[in-house]
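Shown next: coords-v1.pdb, containing PDB, C-alpha atoms, pLDDT in the B column.
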ATOM      1  CA  MET T   1     123.516 108.943  98.098  1.00 94.00           C
ATOM      2  CA  LEU T   2     125.168 107.161  95.174  1.00 96.00           C
ATOM      3  CA  ARG T   3     121.886 105.580  94.070  1.00 96.00           C
ATOM      4  CA  TYR T   4     120.156 108.959  94.360  1.00 96.00           C
ATOM      5  CA  LEU T   5     122.859 110.511  92.166  1.00 95.00           C
ATOM      6  CA  ALA T   6     122.516 107.698  89.613  1.00 96.00           C
ATOM      7  CA  ALA T   7     118.849 108.605  89.313  1.00 96.00           C
ATOM      8  CA  ASP T   8     119.369 112.367  89.389  1.00 94.00           C
ATOM      9  CA  TYR T   9     122.272 112.456  86.930  1.00 93.00           C
ATOM     10  CA  THR T  10     120.240 110.499  84.373  1.00 95.00           C
ATOM     11  CA  ASP T  11     116.863 112.170  84.967  1.00 94.00           C
ATOM     12  CA  PRO T  12     115.557 113.119  81.509  1.00 94.00           C
ATOM     13  CA  SER T  13     113.807 116.231  82.885  1.00 93.00           C
ATOM     14  CA  HIS T  14     117.121 118.130  82.964  1.00 87.00           C
ATOM     15  CA  PRO T  15     120.587 117.962  81.374  1.00 83.00           C
ATOM     16  CA  PRO T  16     122.656 114.991  82.556  1.00 85.00           C
ATOM     17  CA  GLY T  17     125.209 115.200  85.326  1.00 81.00           C
ATOM     18  CA  CYS T  18     125.939 117.914  87.848  1.00 76.00           C
ATOM     19  CA  LEU T  19     126.618 121.574  87.183  1.00 71.00           C
ATOM     20  CA  LEU T  20     129.134 121.870  90.047  1.00 66.00           C
ATOM     21  CA  ILE T  21     131.261 119.174  88.454  1.00 69.00           C
ATOM     22  CA  THR T  22     131.007 120.104  84.772  1.00 69.00           C
ATOM     23  CA  ALA T  23     130.298 123.835  84.633  1.00 65.00           C
ATOM     24  CA  ALA T  24     133.889 124.995  84.404  1.00 62.00           C
ATOM     25  CA  THR T  25     135.713 122.219  82.582  1.00 63.00           C
ATOM     26  CA  ASN T  26     136.681 124.461  79.652  1.00 65.00           C
ATOM     27  CA  CYS T  27     137.210 127.890  81.192  1.00 66.00           C
ATOM     28  CA  GLY T  28     139.121 130.666  79.536  1.00 72.00           C
ATOM     29  CA  PRO T  29     141.389 133.089  81.379  1.00 75.00           C
ATOM     30  CA  GLY T  30     138.469 135.408  82.176  1.00 76.00           C
ATOM     31  CA  SER T  31     136.579 132.668  84.011  1.00 76.00           C
ATOM     32  CA  GLN T  32     139.205 131.486  86.464  1.00 80.00           C
ATOM     33  CA  ASP T  33     137.243 132.916  89.382  1.00 85.00           C
ATOM     34  CA  VAL T  34     134.261 130.746  88.430  1.00 81.00           C
ATOM     35  CA  LYS T  35     136.493 127.709  88.087  1.00 79.00           C
ATOM     36  CA  ALA T  36     138.067 128.377  91.491  1.00 84.00           C
ATOM     37  CA  GLY T  37     134.660 128.885  93.116  1.00 85.00           C
ATOM     38  CA  LEU T  38     133.338 125.595  91.771  1.00 82.00           C
ATOM     39  CA  ARG T  39     136.515 123.798  92.855  1.00 85.00           C
ATOM     40  CA  ALA T  40     136.055 125.262  96.355  1.00 90.00           C
ATOM     41  CA  MET T  41     132.480 123.952  96.466  1.00 88.00           C
ATOM     42  CA  ARG T  42     133.667 120.471  95.476  1.00 88.00           C
ATOM     43  CA  GLU T  43     136.392 120.608  98.133  1.00 94.00           C
ATOM     44  CA  GLU T  44     133.809 121.657 100.751  1.00 95.00           C
ATOM     45  CA  THR T  45     131.691 118.662  99.800  1.00 93.00           C
ATOM     46  CA  LYS T  46     134.688 116.340 100.115  1.00 96.00           C
ATOM     47  CA  ALA T  47     135.522 117.871 103.517  1.00 98.00           C
ATOM     48  CA  SER T  48     131.915 117.249 104.605  1.00 97.00           C
ATOM     49  CA  PHE T  49     132.233 113.597 103.576  1.00 97.00           C
ATOM     50  CA  ALA T  50     135.459 113.283 105.590  1.00 98.00           C
ATOM     51  CA  ALA T  51     133.900 114.958 108.630  1.00 98.00           C
ATOM     52  CA  ARG T  52     130.959 112.567 108.528  1.00 97.00           C
ATOM     53  CA  ILE T  53     133.268 109.573 108.203  1.00 97.00           C
ATOM     54  CA  ARG T  54     135.349 110.826 111.166  1.00 98.00           C
ATOM     55  CA  ALA T  55     132.158 111.233 113.200  1.00 98.00           C
ATOM     56  CA  ASP T  56     131.242 107.609 112.449  1.00 96.00           C
ATOM     57  CA  VAL T  57     134.750 106.489 113.477  1.00 96.00           C
ATOM     58  CA  ASP T  58     134.443 108.487 116.716  1.00 96.00           C
ATOM     59  CA  ALA T  59     131.014 106.959 117.363  1.00 95.00           C
ATOM     60  CA  GLY T  60     132.443 103.469 116.933  1.00 93.00           C
ATOM     61  CA  LEU T  61     130.424 102.803 113.769  1.00 94.00           C
ATOM     62  CA  LEU T  62     133.541 102.480 111.622  1.00 95.00           C
ATOM     63  CA  PRO T  63     136.928 101.008 112.526  1.00 95.00           C
ATOM     64  CA  ALA T  64     139.427 103.361 114.171  1.00 95.00           C
ATOM     65  CA  ASP T  65     141.965 102.900 111.358  1.00 95.00           C
ATOM     66  CA  VAL T  66     139.697 104.231 108.593  1.00 96.00           C
ATOM     67  CA  ASP T  67     141.418 106.890 106.465  1.00 97.00           C
ATOM     68  CA  ALA T  68     138.611 109.462 106.408  1.00 98.00           C
ATOM     69  CA  ASP T  69     140.309 111.812 103.942  1.00 98.00           C
ATOM     70  CA  GLY T  70     141.239 108.994 101.579  1.00 97.00           C
ATOM     71  CA  LEU T  71     137.768 107.478 101.732  1.00 97.00           C
ATOM     72  CA  ALA T  72     136.161 110.882 101.138  1.00 98.00           C
ATOM     73  CA  ALA T  73     138.436 111.486  98.133  1.00 97.00           C
ATOM     74  CA  PHE T  74     137.573 108.040  96.771  1.00 97.00           C
ATOM     75  CA  TYR T  75     133.826 108.632  96.928  1.00 97.00           C
ATOM     76  CA  ALA T  76     134.228 112.145  95.502  1.00 95.00           C
ATOM     77  CA  ALA T  77     136.070 110.558  92.563  1.00 95.00           C
ATOM     78  CA  VAL T  78     133.308 107.970  92.150  1.00 97.00           C
ATOM     79  CA  ILE T  79     130.697 110.742  92.103  1.00 94.00           C
ATOM     80  CA  GLN T  80     132.678 112.793  89.602  1.00 91.00           C
ATOM     81  CA  GLY T  81     133.091 109.721  87.402  1.00 94.00           C
ATOM     82  CA  MET T  82     129.382 108.951  87.598  1.00 95.00           C
ATOM     83  CA  ASN T  83     128.716 112.535  86.531  1.00 92.00           C
ATOM     84  CA  GLN T  84     130.950 112.228  83.476  1.00 92.00           C
ATOM     85  CA  GLN T  85     129.448 108.899  82.481  1.00 95.00           C
ATOM     86  CA  ALA T  86     125.940 110.394  82.751  1.00 94.00           C
ATOM     87  CA  CYS T  87     127.051 113.261  80.508  1.00 91.00           C
ATOM     88  CA  ASP T  88     128.316 110.628  78.074  1.00 93.00           C
ATOM     89  CA  GLY T  89     124.845 109.052  77.994  1.00 95.00           C
ATOM     90  CA  VAL T  90     125.300 106.062  80.309  1.00 96.00           C
ATOM     91  CA  ALA T  91     122.001 104.668  81.612  1.00 97.00           C
ATOM     92  CA  ARG T  92     120.855 104.873  85.213  1.00 97.00           C
ATOM     93  CA  GLU T  93     121.167 101.111  85.610  1.00 98.00           C
ATOM     94  CA  VAL T  94     124.868 101.285  84.762  1.00 98.00           C
ATOM     95  CA  LEU T  95     125.431 104.067  87.303  1.00 98.00           C
ATOM     96  CA  GLU T  96     123.588 102.007  89.902  1.00 98.00           C
ATOM     97  CA  ARG T  97     126.040  99.172  89.238  1.00 98.00           C
ATOM     98  CA  VAL T  98     128.892 101.649  89.728  1.00 98.00           C
ATOM     99  CA  ALA T  99     127.292 102.655  93.044  1.00 97.00           C
ATOM    100  CA  ASP T 100     127.063  99.007  94.097  1.00 97.00           C
ATOM    101  CA  ALA T 101     130.726  98.427  93.236  1.00 97.00           C
ATOM    102  CA  ALA T 102     131.773 101.572  95.115  1.00 97.00           C
ATOM    103  CA  MET T 103     129.887 100.466  98.199  1.00 95.00           C
ATOM    104  CA  ALA T 104     131.857  97.216  98.189  1.00 94.00           C
ATOM    105  CA  ALA T 105     134.833  99.421  99.170  1.00 93.00           C
ATOM    106  CA  TRP T 106     133.032 100.841 102.218  1.00 94.00           C
ATOM    107  CA  PRO T 107     134.740  99.705 105.432  1.00 94.00           C
ATOM    108  CA  GLU T 108     133.033  97.116 107.569  1.00 88.00           C
ATOM    109  CA  SER T 109     131.222  98.442 110.564  1.00 84.00           C
ATOM    110  CA  ALA T 110     133.120  98.250 113.809  1.00 68.00           C
ATOM    111  CA  ARG T 111     129.977  96.692 115.288  1.00 64.00           C
ATOM    112  CA  GLN T 112     128.253  94.316 112.883  1.00 60.00           C
ATOM    113  CA  GLY T 113     129.832  93.746 109.463  1.00 51.00           C
ATOM    114  CA  PRO T 114     129.257  95.902 106.361  1.00 50.00           C
ATOM    115  CA  LEU T 115     126.995  98.909 106.785  1.00 50.00           C
TER     116      LEU T 115
END

Would you give me this structure, written as structure tokens?
Amino acid sequence: MLRYLAADYTDPSHPPGCLLITAATNCGPGSQDVKAGLRAMREETKASFAARIRADVDAGLLPADVDADGLAAFYAAVIQGMNQQACDGVAREVLERVADAAMAAWPESARQGPL
């Protein structure tokens, strides 16, 4: 997913980054409902990450002591940071290196080393 986002966020066929992350960064008082809606979408995505991580823990693919919520928040932060860097003009190759570094934090599989 992170490599896909590195490519998508820097695709020259559309503006850089992700609308869900950047659309409401400078909202006025009349746009608070939009800001709240976008925040809710980001929180739903983070909850989906955590649910998937918990499913992998339950399936024995990840160690039982994995902090699913913390790991989901970490990767959400990585994605949001990749978005901002893309908006700042960072190249795809740089975002791919960020993705590689982020994956170094992924817990080792409970079965066979890093996933």

Resolved residues for the PyMOL selection byres ((chain T and resi 99-105) around 10) as a list in words: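 Answer for the PyMOL selection byres ((chain T and resi 99-105) around 10): Met1, Leu2, Arg3, Tyr4, Leu5, Ala6, Leu71, Phe74, Tyr75, Val78, Ile79, Met82, Glu93, Val94, Leu95, Glu96, Arg97, Val98, Trp106, Pro107, Glu108, Pro114 and Leu115 of chain T.
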
With a distance cut-off of 7 Å and all atoms listed in the file, select the neighbouring residues of T:Gly17, excluding the residue or stretch itself and same-chain residues fewer than 2 positions from it, and output the selection as number ranges by chain. T: 9-10, 15, 19, 83-84, 86-87

List, as a CSV table (one decimal) with C-alpha atoms, in the frame of the given file, every residue that the PyMOL selection byres ((chain T and resi 55-64) around 8) selects in the file provided.
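For reference, part.csv as written:
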chain,number,residue,atom,x,y,z
T,51,ALA,CA,133.9,115.0,108.6
T,52,ARG,CA,131.0,112.6,108.5
T,53,ILE,CA,133.3,109.6,108.2
T,54,ARG,CA,135.3,110.8,111.2
T,65,ASP,CA,142.0,102.9,111.4
T,66,VAL,CA,139.7,104.2,108.6
T,107,PRO,CA,134.7,99.7,105.4
T,108,GLU,CA,133.0,97.1,107.6
T,109,SER,CA,131.2,98.4,110.6
T,110,ALA,CA,133.1,98.2,113.8
T,111,ARG,CA,130.0,96.7,115.3

So the first atom is atom CA of T:Ala73 and the second is atom CA of T:Leu38; what is the distance between them in Å, to one decimal place? 16.3 Å

For the atom pair atom CA of T:Thr45 and atom CA of T:Pro16, what is the interatomic distance in Å to one decimal place?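 Separating atom CA of T:Thr45 from atom CA of T:Pro16 is a distance of 19.8 Å.
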
Figure out the distance between atom CA of T:Arg92 and atom CA of T:Ala72, please, to one decimal in Å. 22.9 Å
